[in-house]
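**Q** One structure, as structure tokens, below. Some questions next.
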Amino acid sequence: MSIEVQTYAPGQTLLIDADDTLWENNIYFERAIAAFISYVNHREYTREEVREKLNEVERENTRLHGYGLSSFRNSLVICFERLSGEKVSPEKHERIVSFAESVADQDIELLPGVAETLAELASRHRLILMTKGNQAEQADKLARSGLASYFAAVEIPKEKNCEAYCDVCVRHELAPHTTWMIGNSPRSDINPALAAGLHAIYIHHPSTWVLEHDAIGQPSNEQKLLELEAFSTLVRYF
């Protein structure tokens with residue numbers, strides 16, 4: 001039995017997340033965290049408990065210093081100091097920093113079908129990249145991805161909340177009824193976009209950062225919320 005898919009008219013505006021929507025990102029941080037936890041090798045806390053301590057530090061640190069490698073590096077050092085109860089020696093500091101630097105050394109790995117899908121979508125719709133984080137880091141990743149030409153504009157806010165989406169709509173004169181946010185994060189991509197009156201498309205990624213997890217909100221009667229398993233599926237709707 002075939003399932004009918006609703007298609008949307010050309011001329012929609014698609015706001016598209018980058019990390020873990022267009023390319024792999026969190027898997028590299030997870031590898032760095034696993035190496036850090038092994039290095040800590042805490043005598044009292046389990047690996048899961050050390051991870052939760054790091055999550056707590058990252059929640060605090062991102063509120064104060066935003067996202068990106070610098071913030072992550074700082075979180076690892078602070079977490080180590082809290083767990084050990086002492087200042088990090090220069091030797092240990094260098095080792096801890098190396099875990100964060102391993103993330104920076106990664107090439108951009110596009111998710112399956114992303115380039116082809118963007119090319120097709122860009123022929124019918126207006127695409128705007130909207131990804132939070134460190135301005136320089138995100139711009140560099142976009143440049144290295146080879147995808148920049150598909151986007152009419154790029155937005156890199158420090159945080160993706162309802163206010164950020166409203167600001168983007170005003171700046172680019174976007175109509176909510178033809179504007180969609182596409183991404184893998186319920187916390188940053190889906191819920192605040194819905195709160196701003198936009199449509200949203202949640203694309204599942206198996207390694208979404210734990211701090212981006214959240215229960216997905218309900219759209220209003222005027223809004224659409226789609227849940228897709230792969231980015232390439234978008235061409236069936238748009």
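Ligands are numbered from 1 in the order shown, chains are lettered A, B, ... in the order of the structure tokens, and residues start at 1 in each chain.
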Write out as a list in words the residues lying within 8 Å of segment 158-160 of chain A, counting only C-alpha atoms and excluding same-chain residues fewer than 3 positions away.
**A**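 My list of contacting residues is Gly66, Tyr67, Thr131, Lys132, Gly133, Asn134, Glu163, Ala164, Tyr165, Ser188, Asp189 and Pro192 of chain A.
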**Q** Any idea what's packed within 12 Å of Val210 of chain A, counting only C-alpha atoms, ignoring anything in its chain fewer than 5 positions away? Could you give it as a ChimeraX atom specification?
**A** /A:26-27,29-30,51-52,54-56,58-59,184-187,205
**Q** With a distance cut-off of 12 Å and only C-alpha atoms, select the neighbouring residues of segment 166-181 of chain A, excluding the residue or stretch itself and same-chain residues fewer than 4 positions from it, and output the selection as a VMD selection string.
**A** chain A and resid 8 to 18 21 125 to 131 152 to 157 159 to 162 185 to 186 188 to 203 220 to 227 234 237 to 238
**Q** May I have the residues within 9 Å of segment 88-105 of chain A as a list of chain:residue names, using only C-alpha atoms and disregarding those fewer than 2 positions away in the same chain?
**A**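 Result of the neighbour search: A:Asn25, A:Tyr28, A:Phe29, A:Arg31, A:Ala32, A:Ile33, A:Ala35, A:Phe36, A:Tyr39, A:Leu69, A:Ser70, A:Phe72, A:Arg73, A:Asn74, A:Leu76, A:Val77, A:Ile78, A:Phe80, A:Glu81, A:Ser84, A:Glu86, A:Asp107.
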**Q** So how many Å separate atom CA of Thr62 of chain A and atom CA of Gln138 of chain A, to one decimal?
**A**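 Result for atom CA of Thr62 of chain A versus atom CA of Gln138 of chain A: 15.8 Å, one decimal.
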**Q** Run DSSP on the backbone of this structure and report the residues of segment 117-172 of chain A it assigns to strand (DSSP E), as a list in words.
**A**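 Residues meeting the strand (DSSP E) criterion: Arg126, Leu127, Ile128, Leu129, Met130, Ala153, Val154 and Glu155 of chain A.
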**Q** Could you pull out the helix (DSSP H, G or I) residues of segment 40-223 of chain A, going by DSSP on the backbone, and write them as a PyMOL selection string?
**A** chain A and resi 40+47-65+69-84+90-104+114-122+135-145+148-150+162-171+176-178+186-195+210-212
**Q** Suppose you want the space between atom CA of Ser75 of chain A and atom CA of Ala34 of chain A; what is it in Å?
**A**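 That distance, rounded to one decimal, is 14.2 Å.
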**Q** Rank A:Cys79, A:Ser149, A:His42, A:Phe231 by their smallest atom-to-atom distance to Glu60 of chain A, using only C-alpha atoms, and report the top residue only.
**A** A:Cys79
**Q** Would you kindly return, as a PyMOL selection string, each protein, DNA or RNA residue with an atom no farther than 6 Å from any atom of Leu111 of chain A, considering only C-alpha atoms and excluding same-chain residues fewer than 2 positions away?
**A** chain A and resi 22-23+114
**Q** Please produce an output containing C-alpha atoms for each residue in the selection, written as a CSV table (one decimal), in the first residue's frame.
**A**
```csv
chain,number,residue,atom,x,y,z
A,22,LEU,CA,24.2,18.3,6.7
A,23,TRP,CA,27.4,16.8,8.0
A,114,VAL,CA,23.0,16.0,1.2
```
